[in-house]
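The file entry_23.cif comes next; it holds mmCIF, C-alpha atoms.
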```cif
data_entry
loop_
_atom_site.label_atom_id
_atom_site.label_comp_id
_atom_site.auth_asym_id
_atom_site.auth_seq_id
_atom_site.Cartn_x
_atom_site.Cartn_y
_atom_site.Cartn_z
CA MET A 13 10.60 -0.87 -8.26
CA GLU A 14 11.54 -4.40 -9.45
CA ALA A 15 10.20 -6.03 -6.28
CA VAL A 16 6.88 -4.17 -6.67
CA THR A 17 6.73 -5.23 -10.34
CA ILE A 18 7.29 -8.88 -9.38
CA VAL A 19 4.57 -8.78 -6.69
CA THR A 20 2.16 -7.16 -9.18
CA VAL A 21 2.86 -9.81 -11.81
CA LEU A 22 2.35 -12.57 -9.22
CA ALA A 23 -0.99 -11.03 -8.14
CA LEU A 24 -2.11 -10.88 -11.80
CA ILE A 25 -0.97 -14.47 -12.47
CA GLN A 26 -2.81 -15.59 -9.31
CA PHE A 27 -6.01 -13.97 -10.58
CA TYR A 28 -5.35 -15.47 -14.03
CA TRP A 29 -5.01 -18.87 -12.40
CA PHE A 30 -8.31 -18.52 -10.51
CA GLY A 31 -9.91 -17.73 -13.90
CA ILE A 32 -8.51 -20.96 -15.36
CA GLU A 33 -9.95 -22.86 -12.38
CA VAL A 34 -13.39 -21.31 -13.04
CA GLY A 35 -13.11 -22.59 -16.62
CA GLN A 36 -12.14 -26.05 -15.37
CA MET A 37 -15.14 -26.19 -13.00
CA ARG A 38 -17.39 -24.99 -15.84
CA ALA A 39 -16.14 -27.82 -18.06
CA LYS A 40 -16.23 -30.47 -15.30
CA HIS A 41 -19.82 -29.71 -14.29
CA GLU A 42 -20.94 -28.90 -17.85
CA CYS A 43 -22.23 -25.42 -16.96
CA LYS A 44 -22.65 -23.99 -20.47
CA ALA A 45 -21.76 -20.28 -21.02
CA PRO A 46 -23.29 -17.73 -20.45
CA ALA A 47 -24.75 -19.43 -17.30
CA MET A 48 -22.95 -18.37 -14.10
CA THR A 49 -24.93 -20.58 -11.73
CA GLY A 50 -25.03 -24.37 -11.42
CA ALA A 51 -22.84 -26.80 -9.47
CA PRO A 52 -21.79 -25.42 -6.04
CA GLU A 53 -18.12 -26.18 -6.87
CA PHE A 54 -18.39 -23.97 -9.97
CA GLU A 55 -20.23 -21.17 -8.16
CA ARG A 56 -17.69 -21.15 -5.33
CA MET A 57 -14.69 -20.93 -7.65
CA PHE A 58 -16.45 -18.20 -9.64
CA ARG A 59 -17.03 -16.18 -6.45
CA VAL A 60 -13.37 -16.64 -5.45
CA GLN A 61 -12.31 -15.22 -8.82
CA GLN A 62 -14.84 -12.36 -8.72
CA ASN A 63 -13.91 -11.40 -5.17
CA THR A 64 -10.23 -11.50 -6.14
CA MET A 65 -10.97 -9.08 -9.00
CA GLU A 66 -12.68 -6.73 -6.53
CA GLN A 67 -9.57 -6.88 -4.34
CA LEU A 68 -7.18 -6.56 -7.28
CA VAL A 69 -8.63 -3.28 -8.60
CA MET A 70 -7.87 -1.73 -5.19
CA PHE A 71 -4.62 -3.61 -4.47
CA VAL A 72 -2.65 -2.75 -7.65
CA PRO A 73 -3.17 1.07 -7.55
CA ALA A 74 -2.64 1.07 -3.74
CA LEU A 75 0.60 -0.90 -4.12
CA TRP A 76 2.08 1.48 -6.69
CA MET A 77 0.99 4.68 -4.96
CA TYR A 78 2.41 3.32 -1.70
CA ALA A 79 5.66 2.32 -3.44
CA SER A 80 6.20 5.74 -4.98
CA LEU A 81 5.01 7.79 -1.99
CA VAL A 82 6.24 5.72 0.97
CA ASN A 83 8.67 2.87 0.22
CA PRO A 84 8.92 0.32 -2.65
CA LEU A 85 10.43 -2.45 -0.51
CA TRP A 86 7.76 -2.14 2.17
CA ALA A 87 5.15 -2.16 -0.61
CA ALA A 88 6.53 -5.46 -1.93
CA GLY A 89 6.59 -6.96 1.59
CA ILE A 90 3.01 -5.90 2.31
CA GLY A 91 2.03 -7.20 -1.12
CA VAL A 92 3.28 -10.69 -0.28
CA ILE A 93 0.80 -10.80 2.64
CA TYR A 94 -2.00 -10.08 0.13
CA LEU A 95 -0.84 -12.98 -2.08
CA ILE A 96 -0.81 -15.40 0.87
CA GLY A 97 -4.21 -14.15 2.08
CA ARG A 98 -5.71 -14.86 -1.34
CA VAL A 99 -4.34 -18.43 -1.37
CA ILE A 100 -5.95 -19.06 2.03
CA TYR A 101 -9.19 -17.37 0.91
CA ARG A 102 -9.37 -19.58 -2.20
CA SER A 103 -8.81 -22.90 -0.44
CA SER A 104 -11.12 -22.14 2.51
CA TYR A 105 -13.92 -20.78 0.25
CA VAL A 106 -13.80 -23.86 -2.01
CA LYS A 107 -14.04 -26.15 1.04
CA ASP A 108 -16.70 -24.14 2.87
CA PRO A 109 -17.83 -20.58 1.95
CA ALA A 110 -18.67 -19.91 5.62
CA SER A 111 -14.96 -20.24 6.51
CA ARG A 112 -13.81 -17.52 4.10
CA SER A 113 -13.34 -14.71 6.69
CA ILE A 114 -9.72 -15.39 7.71
CA GLY A 115 -8.29 -15.44 4.18
CA PHE A 116 -10.45 -12.45 3.29
CA THR A 117 -9.16 -10.43 6.24
CA ILE A 118 -5.50 -11.31 5.58
CA SER A 119 -5.78 -10.19 1.95
CA VAL A 120 -7.87 -7.05 2.55
CA LEU A 121 -5.74 -5.76 5.44
CA PRO A 122 -2.62 -4.91 3.33
CA THR A 123 -4.75 -2.79 0.95
CA SER A 124 -6.55 -1.07 3.86
CA VAL A 125 -3.27 -0.19 5.61
CA MET A 126 -1.68 1.07 2.38
CA LEU A 127 -4.69 3.20 1.42
CA LEU A 128 -4.86 4.99 4.78
CA TRP A 129 -1.07 5.44 4.87
CA ILE A 130 -1.06 6.91 1.33
CA LEU A 131 -3.88 9.28 2.27
CA VAL A 132 -1.97 10.58 5.32
CA ALA A 133 1.33 10.83 3.40
CA ALA A 134 -0.29 12.66 0.44
CA VAL A 135 -2.17 15.13 2.65
CA GLN A 136 1.01 15.82 4.67
CA LYS A 137 3.00 16.40 1.48
CA LEU A 138 0.27 18.69 0.12
CA VAL A 139 0.07 20.91 3.22
CA SER A 140 3.86 21.01 3.72
CA VAL A 141 4.47 22.62 0.30
CA MET B 250 0.39 14.51 -8.20
CA GLU B 251 -0.68 14.55 -4.51
CA ALA B 252 -4.20 15.76 -5.38
CA VAL B 253 -4.58 12.95 -7.96
CA THR B 254 -3.32 10.43 -5.39
CA ILE B 255 -5.88 11.64 -2.83
CA VAL B 256 -8.76 11.43 -5.35
CA THR B 257 -7.65 7.90 -6.34
CA VAL B 258 -7.52 6.77 -2.71
CA LEU B 259 -10.98 8.24 -2.08
CA ALA B 260 -12.37 6.43 -5.16
CA LEU B 261 -10.87 3.14 -3.92
CA ILE B 262 -12.19 3.69 -0.36
CA GLN B 263 -15.63 4.50 -1.82
CA PHE B 264 -15.61 1.20 -3.73
CA TYR B 265 -14.31 -0.57 -0.60
CA TRP B 266 -17.22 0.94 1.34
CA PHE B 267 -19.80 -0.26 -1.20
CA GLY B 268 -18.28 -3.75 -0.78
CA ILE B 269 -18.78 -3.55 2.99
CA GLU B 270 -22.41 -2.55 2.39
CA VAL B 271 -22.90 -5.59 0.13
CA GLY B 272 -21.60 -7.74 3.00
CA GLN B 273 -23.98 -6.04 5.44
CA MET B 274 -26.98 -6.65 3.14
CA ARG B 275 -25.86 -10.28 2.72
CA ALA B 276 -25.78 -10.73 6.52
CA LYS B 277 -29.03 -8.82 7.13
CA HIS B 278 -31.03 -10.84 4.59
CA GLU B 279 -29.16 -14.09 5.29
CA CYS B 280 -28.14 -14.61 1.65
CA LYS B 281 -25.50 -17.33 2.12
CA ALA B 282 -22.37 -17.19 -0.09
CA PRO B 283 -21.86 -18.05 -2.97
CA ALA B 284 -25.46 -16.94 -3.81
CA MET B 285 -25.58 -13.51 -5.50
CA THR B 286 -29.38 -13.30 -5.76
CA GLY B 287 -32.02 -13.00 -3.05
CA ALA B 288 -33.47 -9.97 -1.25
CA PRO B 289 -33.91 -6.92 -3.58
CA GLU B 290 -31.97 -4.74 -1.09
CA PHE B 291 -28.98 -7.11 -1.37
CA GLU B 292 -29.19 -7.39 -5.17
CA ARG B 293 -29.36 -3.60 -5.57
CA MET B 294 -26.34 -2.96 -3.35
CA PHE B 295 -24.44 -5.71 -5.18
CA ARG B 296 -25.21 -4.08 -8.55
CA VAL B 297 -24.10 -0.68 -7.20
CA GLN B 298 -20.77 -2.22 -6.19
CA GLN B 299 -20.35 -4.13 -9.47
CA ASN B 300 -21.20 -1.10 -11.59
CA THR B 301 -18.75 0.97 -9.53
CA MET B 302 -16.03 -1.60 -10.28
CA GLU B 303 -16.81 -1.31 -14.02
CA GLN B 304 -16.45 2.48 -13.71
CA LEU B 305 -13.33 2.25 -11.52
CA VAL B 306 -11.29 0.17 -13.98
CA MET B 307 -11.78 2.96 -16.55
CA PHE B 308 -11.63 5.91 -14.15
CA VAL B 309 -8.26 5.20 -12.43
CA PRO B 310 -6.16 4.73 -15.62
CA ALA B 311 -7.97 7.67 -17.30
CA LEU B 312 -7.29 9.90 -14.27
CA TRP B 313 -3.55 9.16 -14.23
CA MET B 314 -3.04 9.39 -18.00
CA TYR B 315 -4.96 12.69 -17.99
CA ALA B 316 -2.89 13.97 -15.04
CA SER B 317 0.44 13.18 -16.68
CA LEU B 318 -0.54 14.23 -20.23
CA VAL B 319 -2.84 17.21 -19.61
CA ASN B 320 -2.94 18.62 -16.06
CA PRO B 321 -2.84 16.98 -12.59
CA LEU B 322 -4.99 19.64 -10.88
CA TRP B 323 -7.71 19.45 -13.53
CA ALA B 324 -7.58 15.66 -13.21
CA ALA B 325 -8.21 15.94 -9.46
CA GLY B 326 -11.07 18.40 -10.01
CA ILE B 327 -12.73 16.20 -12.64
CA GLY B 328 -12.19 13.22 -10.34
CA VAL B 329 -14.21 14.86 -7.57
CA ILE B 330 -17.21 14.98 -9.92
CA TYR B 331 -16.88 11.20 -10.39
CA LEU B 332 -16.89 10.69 -6.60
CA ILE B 333 -20.04 12.80 -6.17
CA GLY B 334 -21.74 11.06 -9.11
CA ARG B 335 -21.13 7.66 -7.50
CA VAL B 336 -22.63 8.80 -4.19
CA ILE B 337 -25.78 9.94 -6.04
CA TYR B 338 -25.83 6.71 -8.09
CA ARG B 339 -25.62 4.59 -4.93
CA SER B 340 -28.41 6.32 -3.03
CA SER B 341 -30.79 6.55 -6.02
CA TYR B 342 -30.17 2.90 -7.07
CA VAL B 343 -30.83 1.61 -3.54
CA LYS B 344 -34.12 3.58 -3.39
CA ASP B 345 -35.28 2.75 -6.93
CA PRO B 346 -33.08 1.15 -9.66
CA ALA B 347 -35.14 2.97 -12.33
CA SER B 348 -33.85 6.33 -11.01
CA ARG B 349 -30.16 5.46 -11.43
CA SER B 350 -29.54 7.42 -14.69
CA ILE B 351 -28.60 10.82 -13.20
CA GLY B 352 -25.91 9.49 -10.84
CA PHE B 353 -24.67 7.17 -13.57
CA THR B 354 -24.33 10.03 -16.06
CA ILE B 355 -22.55 12.34 -13.57
CA SER B 356 -19.99 9.64 -12.75
CA VAL B 357 -19.44 8.37 -16.30
CA LEU B 358 -19.06 11.83 -17.85
CA PRO B 359 -15.69 12.68 -16.19
CA THR B 360 -14.16 9.43 -17.51
CA SER B 361 -15.63 9.98 -21.00
CA VAL B 362 -14.27 13.53 -21.21
CA MET B 363 -10.83 12.50 -19.93
CA LEU B 364 -10.55 9.53 -22.32
CA LEU B 365 -11.36 11.59 -25.43
CA TRP B 366 -9.09 14.44 -24.27
CA ILE B 367 -6.18 12.01 -23.65
CA LEU B 368 -6.71 10.46 -27.09
CA VAL B 369 -6.53 13.86 -28.83
CA ALA B 370 -3.54 14.99 -26.73
CA ALA B 371 -1.63 11.74 -27.31
CA VAL B 372 -2.27 11.73 -31.07
CA GLN B 373 -1.22 15.40 -31.33
CA LYS B 374 1.96 14.70 -29.38
CA LEU B 375 2.70 11.68 -31.56
CA VAL B 376 2.31 13.51 -34.91
CA SER B 377 4.15 16.64 -33.70
CA VAL B 378 7.38 14.74 -32.99
CA MET C 15 4.71 6.36 -24.18
CA GLU C 16 2.12 8.02 -26.46
CA ALA C 17 1.48 4.79 -28.40
CA VAL C 18 0.90 2.90 -25.13
CA THR C 19 -1.45 5.66 -23.95
CA ILE C 20 -3.46 5.45 -27.18
CA VAL C 21 -3.76 1.63 -26.95
CA THR C 22 -4.86 1.93 -23.30
CA VAL C 23 -7.52 4.52 -24.17
CA LEU C 24 -8.78 2.31 -27.03
CA ALA C 25 -9.00 -0.70 -24.67
CA LEU C 26 -10.98 1.37 -22.15
CA ILE C 27 -13.29 2.77 -24.86
CA GLN C 28 -13.82 -0.78 -26.16
CA PHE C 29 -14.87 -1.93 -22.67
CA TYR C 30 -17.02 1.21 -22.35
CA TRP C 31 -18.69 0.30 -25.64
CA PHE C 32 -19.43 -3.27 -24.50
CA GLY C 33 -21.08 -1.71 -21.42
CA ILE C 34 -23.31 0.44 -23.64
CA GLU C 35 -24.28 -2.69 -25.60
CA VAL C 36 -25.24 -4.44 -22.33
CA GLY C 37 -27.50 -1.46 -21.56
CA GLN C 38 -29.03 -1.66 -25.05
CA MET C 39 -29.77 -5.38 -24.66
CA ARG C 40 -31.25 -4.70 -21.22
CA ALA C 41 -33.58 -2.08 -22.70
CA LYS C 42 -34.45 -4.14 -25.79
CA HIS C 43 -35.41 -7.25 -23.80
CA GLU C 44 -36.87 -5.26 -20.90
CA CYS C 45 -34.63 -6.91 -18.28
CA LYS C 46 -35.23 -4.55 -15.36
CA ALA C 47 -32.24 -3.72 -13.10
CA PRO C 48 -30.94 -5.22 -10.80
CA ALA C 49 -31.68 -8.50 -12.70
CA MET C 50 -28.63 -9.87 -14.55
CA THR C 51 -30.38 -12.85 -16.11
CA GLY C 52 -33.09 -12.99 -18.76
CA ALA C 53 -32.94 -13.00 -22.57
CA PRO C 54 -29.95 -15.01 -23.93
CA GLU C 55 -28.89 -12.01 -26.06
CA PHE C 56 -28.66 -9.89 -22.89
CA GLU C 57 -26.83 -12.57 -20.89
CA ARG C 58 -24.30 -13.13 -23.67
CA MET C 59 -23.48 -9.44 -24.03
CA PHE C 60 -23.21 -9.15 -20.24
CA ARG C 61 -20.73 -12.04 -20.14
CA VAL C 62 -18.70 -10.45 -22.96
CA GLN C 63 -18.45 -7.25 -20.92
CA GLN C 64 -17.66 -9.06 -17.65
CA ASN C 65 -15.00 -11.24 -19.27
CA THR C 66 -13.50 -8.13 -20.90
CA MET C 67 -13.27 -6.52 -17.44
CA GLU C 68 -11.44 -9.62 -16.15
CA GLN C 69 -9.00 -9.29 -19.06
CA LEU C 70 -8.68 -5.51 -18.69
CA VAL C 71 -7.56 -5.57 -15.05
CA MET C 72 -4.62 -7.78 -16.12
CA PHE C 73 -3.98 -6.16 -19.51
CA VAL C 74 -3.57 -2.50 -18.45
CA PRO C 75 -0.99 -3.08 -15.64
CA ALA C 76 0.84 -5.66 -17.81
CA LEU C 77 0.97 -3.22 -20.76
CA TRP C 78 2.49 -0.40 -18.67
CA MET C 79 4.98 -2.56 -16.78
CA TYR C 80 6.06 -4.10 -20.10
CA ALA C 81 6.36 -0.64 -21.70
CA SER C 82 8.55 0.74 -18.92
CA LEU C 83 10.64 -2.40 -18.37
CA VAL C 84 10.97 -3.80 -21.91
CA ASN C 85 9.86 -1.56 -24.80
CA PRO C 86 6.96 0.91 -25.21
CA LEU C 87 6.56 0.36 -28.97
CA TRP C 88 6.45 -3.43 -28.61
CA ALA C 89 3.92 -2.95 -25.82
CA ALA C 90 1.69 -0.91 -28.14
CA GLY C 91 2.03 -3.51 -30.93
CA ILE C 92 1.18 -6.41 -28.61
CA GLY C 93 -1.70 -4.34 -27.24
CA VAL C 94 -3.26 -4.03 -30.70
CA ILE C 95 -3.50 -7.85 -30.83
CA TYR C 96 -5.48 -7.75 -27.56
CA LEU C 97 -7.90 -5.19 -29.06
CA ILE C 98 -8.48 -7.33 -32.17
CA GLY C 99 -8.89 -10.49 -30.06
CA ARG C 100 -11.61 -8.81 -28.00
CA VAL C 101 -13.53 -7.75 -31.15
CA ILE C 102 -13.47 -11.37 -32.38
CA TYR C 103 -14.43 -12.65 -28.90
CA ARG C 104 -17.40 -10.26 -28.74
CA SER C 105 -18.84 -11.13 -32.16
CA SER C 106 -18.34 -14.90 -31.82
CA TYR C 107 -19.75 -15.01 -28.25
CA VAL C 108 -22.87 -13.06 -29.27
CA LYS C 109 -23.46 -15.47 -32.19
CA ASP C 110 -22.66 -18.66 -30.27
CA PRO C 111 -21.00 -18.83 -26.82
CA ALA C 112 -19.47 -22.21 -27.73
CA SER C 113 -17.36 -20.52 -30.43
CA ARG C 114 -15.71 -18.05 -28.06
CA SER C 115 -12.33 -19.85 -27.68
CA ILE C 116 -10.48 -18.28 -30.64
CA GLY C 117 -11.17 -14.66 -29.71
CA PHE C 118 -10.49 -15.48 -26.08
CA THR C 119 -7.10 -17.00 -26.90
CA ILE C 120 -6.06 -14.13 -29.18
CA SER C 121 -6.86 -11.57 -26.47
CA VAL C 122 -5.41 -13.49 -23.51
CA LEU C 123 -2.14 -14.39 -25.24
CA PRO C 124 -0.70 -10.82 -25.34
CA THR C 125 -1.23 -10.44 -21.58
CA SER C 126 0.25 -13.90 -20.87
CA VAL C 127 3.37 -13.18 -22.94
CA MET C 128 3.85 -9.74 -21.39
CA LEU C 129 3.41 -11.02 -17.81
CA LEU C 130 6.01 -13.78 -18.19
CA TRP C 131 8.41 -11.46 -20.02
CA ILE C 132 8.07 -8.79 -17.28
CA LEU C 133 8.69 -11.43 -14.60
CA VAL C 134 11.91 -12.60 -16.28
CA ALA C 135 13.09 -9.03 -16.96
CA ALA C 136 12.37 -7.87 -13.39
CA VAL C 137 14.07 -10.88 -11.79
CA GLN C 138 17.12 -10.42 -14.07
CA LYS C 139 17.32 -6.72 -13.18
CA LEU C 140 16.99 -7.53 -9.47
CA VAL C 141 19.77 -10.14 -9.40
CA SER C 142 22.10 -8.09 -11.65
CA VAL C 143 22.23 -5.16 -9.20
#
```
What's the structure tokens form of this structure?
Amino acid sequence: MEAVTIVTVLALIQFYWFGIEVGQMRAKHECKAPAMTGAPEFERMFRVQQNTMEQLVMFVPALWMYASLVNPLWAAGIGVIYLIGRVIYRSSYVKDPASRSIGFTISVLPTSVMLLWILVAAVQKLVSV
Amino acid sequence: MEAVTIVTVLALIQFYWFGIEVGQMRAKHECKAPAMTGAPEFERMFRVQQNTMEQLVMFVPALWMYASLVNPLWAAGIGVIYLIGRVIYRSSYVKDPASRSIGFTISVLPTSVMLLWILVAAVQKLVSV
Amino acid sequence: MEAVTIVTVLALIQFYWFGIEVGQMRAKHECKAPAMTGAPEFERMFRVQQNTMEQLVMFVPALWMYASLVNPLWAAGIGVIYLIGRVIYRSSYVKDPASRSIGFTISVLPTSVMLLWILVAAVQKLVSV
């Protein structure tokens, strides 16, 4: 499970990092808390972070269920695709929000595949008892 | 734990689905990213998804701690109530945000009961060592 | 793992409580759903809850990975610091958002330390096989 642990930590650090960037944009454009709107640069980075949180709450449980039910090494490999997808999503969204689809798809696909696979594996295991 | 796994996957797919619906409302009403305000239909669906995320980050850990500390089958059964509550919450919120209380209560009750039960069980186990 | 379970439940109940306070502010200042802006008191409490969710999605996985890879009792002890940090963050943010740094730092430090520690421990375990 070490590989899965490392991928999870990297996904959390990536999200952590996006949060720091939101703080930097807030400071740079002097958007005083609690305001969450203002400079486009700030709003874009905030949406990147928020969307990453939405992905993360599905990705982490999916990763661990997949690792324990299917295969930990495959889980780690699939998880790396998520990490790369999020990097692409972040840089394309910051440049132009309209170009966010590719990075979004690359990062949401691993979770989708794992969730469906887990569902099939769990149902099979349940009926085969 | 297969039943708990299946309920978790269904809760994640439900949240995933609400996210797709937010995207559909965004496209339909031409609310360009990163804007999170605009047509009431879009704002309502967005709040349904956000509130579901707030519930999900409590529900998933509660479900698994309850399953391992109390009973996995009860966990799965209680989890189904959460899933139904969220369906009711979604449809009532989209129709009229003022009517959201019933679905909210049905979906927040399972998590509340599990959290208090886990707390009592864990404290008992700790002092009985 | 009972101590880790108790700290996790307390962190979830704390987040739950912040959510109730958001609802109270919404009612008090008559900010009708789905609006998320309005009275400063409401916006501040909402940001406290949202920021706590951002912390929570990193804290809970970090706590459990640290507990299973390093030490469950240390995990619980470090987790208590997070809980205290969030209490300070909440009360300072509600008074004056500009004073939120101390509570933020106290609550984000435990997660940061645990994440880096887990990363080192997991990499060491992986290369030592």
Problem set entry | chain A residues near chain C (12 Å cut-off, only C-alpha atoms) as number ranges by chain | A: 13-32, 34-35, 39, 43-49, 58, 61-73, 75-76
Exercise. At what distance in Å, to one decimal, does CA of Pro122 (chain A) lie from CA of Trp131 (chain C)?
Worked result: 26.6 Å
Problem set entry | Nearby residues (all atoms listed in the file) at most 9 Å from Gly117 (chain C), same-chain spacing under 5 positions excluded, as a VMD selection string | chain C and resid 98 to 107 122
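Between CA of Phe353 (chain B) and CA of Leu332 (chain B) the interatomic distance comes to 11.0 Å.
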Exercise. For the atom pair CA of Ile120 (chain C) and CA of Tyr96 (chain C), what is the interatomic distance in Å to one decimal place?
Worked result: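 Separation between CA of Ile120 (chain C) and CA of Tyr96 (chain C): 6.6 Å.
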